[in-house]
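Read the structure below first, then the notes.
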Amino acid sequence: MDDFILRRGGQAPDWAYNLAVVVDDGFQGVDQVVRGDDLLTSAPRQAYLATLLGLHVPEYIHVPLVLNAEGKRLAKRDGAVTLRELLETRSVGDVVEAMAAGLGYEGVRSADEFLEVFELGRLGTEPSVFEG
C-alpha cells in the first residue's frame, strides 16, 4: 500500500476523507459500508487505518455507479440533484420507479415492491443509468 494523505495543509488544514470517514464510522459503530465502485481502492486504506486506530473494520461492499442519461456519474459535488430536491418536484412513486428502472427493475412502482424483488447479485459490474 502506498502512502496516502491524512491531513491537507494550507491556510486552513483539513482532515482528509480517508481518515475522517474511518473515525466517523468507528464512533458510529458502522459495520457495513456500501458505496460506489469508484471508491474500491479506498477500502484497503480505510481498513488499515481502522486497524491502527483500534477500531472495528467494517465489511465493504462496492456497487456499480449510477449514471445520468449523458453517462456522467450522479454525485452532489458534480451538480447532481439530491433525493430531497428530486422529491420536491416528483412523487415518491415516480422517483422509485425511475431509480428501479435504471437498475434493471422495470415496472416496480413502490419502495416496498422494490425491496421485495431487489437482489444485490443482479447489480452486475456495469453502471446503471438514471433518467430522472
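Residues in the C-alpha cells are numbered from 1 in each chain, the chains being A, B, ... in the order shown, and ligands are numbered from 1 in the order shown.
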
### Task
Write down as JSON, numbers by chain the residues belonging to chain A that are assigned alpha helix (DSSP H) by DSSP computed on the backbone.
{"A": [17, 18, 19, 20, 21, 22, 23, 24, 25, 26, 27, 28, 42, 43, 44, 45, 46, 47, 48, 49, 50, 51, 52, 83, 84, 85, 86, 87, 88, 89, 92, 93, 94, 95, 96, 97, 98, 99, 100, 101, 102, 111, 112, 113, 114, 115, 116, 117]}

### Message
I'd like the contact shell of Ala16 of chain A - 10 Å cut-off, only C-alpha atoms, skipping same-chain residues fewer than 4 positions apart - returned as JSON, numbers by chain.
### Response
{"A": [4, 5, 6, 7, 8, 9, 20, 21]}

#### Entry: Close residues, Ala50 of chain A itself excluded, 10 Å, only C-alpha atoms, min 4 positions apart in chain, as a ChimeraX atom specification
/A:19,21-23,25-26,44-46,54-58

Those same residues - C-alpha atoms - I'd like them written as a tab-separated table (two decimals), in the first residue's frame.
```
chain	number	residue	atom	x	y	z
A	19	LEU	CA	-9.12	9.39	8.00
A	21	VAL	CA	-14.60	8.51	7.33
A	22	VAL	CA	-12.77	5.83	9.34
A	23	VAL	CA	-13.05	7.78	12.58
A	25	ASP	CA	-17.64	5.11	11.03
A	26	GLY	CA	-15.79	3.80	14.08
A	44	PRO	CA	-7.77	-1.23	1.99
A	45	ARG	CA	-6.51	2.16	3.21
A	46	GLN	CA	-9.52	2.60	5.45
A	54	GLY	CA	-8.07	0.02	17.21
A	55	LEU	CA	-11.47	0.41	15.53
A	56	HIS	CA	-13.69	-2.31	14.09
A	57	VAL	CA	-13.07	-2.84	10.37
A	58	PRO	CA	-16.45	-2.83	8.61
```

### Task
Could you please write out, as number ranges by chain, every residue of chain A that DSSP assigns to strand (DSSP E)?
A: 7-8, 14-15, 32-36, 59-63, 66-68, 128-130

### Task
Considering only C-alpha atoms, return as number ranges by chain whatever protein or nucleic-acid residues lie within 7 Å of segment 31-41 of chain A, sequence-local ones (same chain, fewer than 3 positions apart) excluded.
A: 44, 58-65

### Query
Which residue, A:Ala43, A:Glu88, A:Ala75, A:Val96, has the smallest gap to Leu115 of chain A when you use only C-alpha atoms?
A:Val96
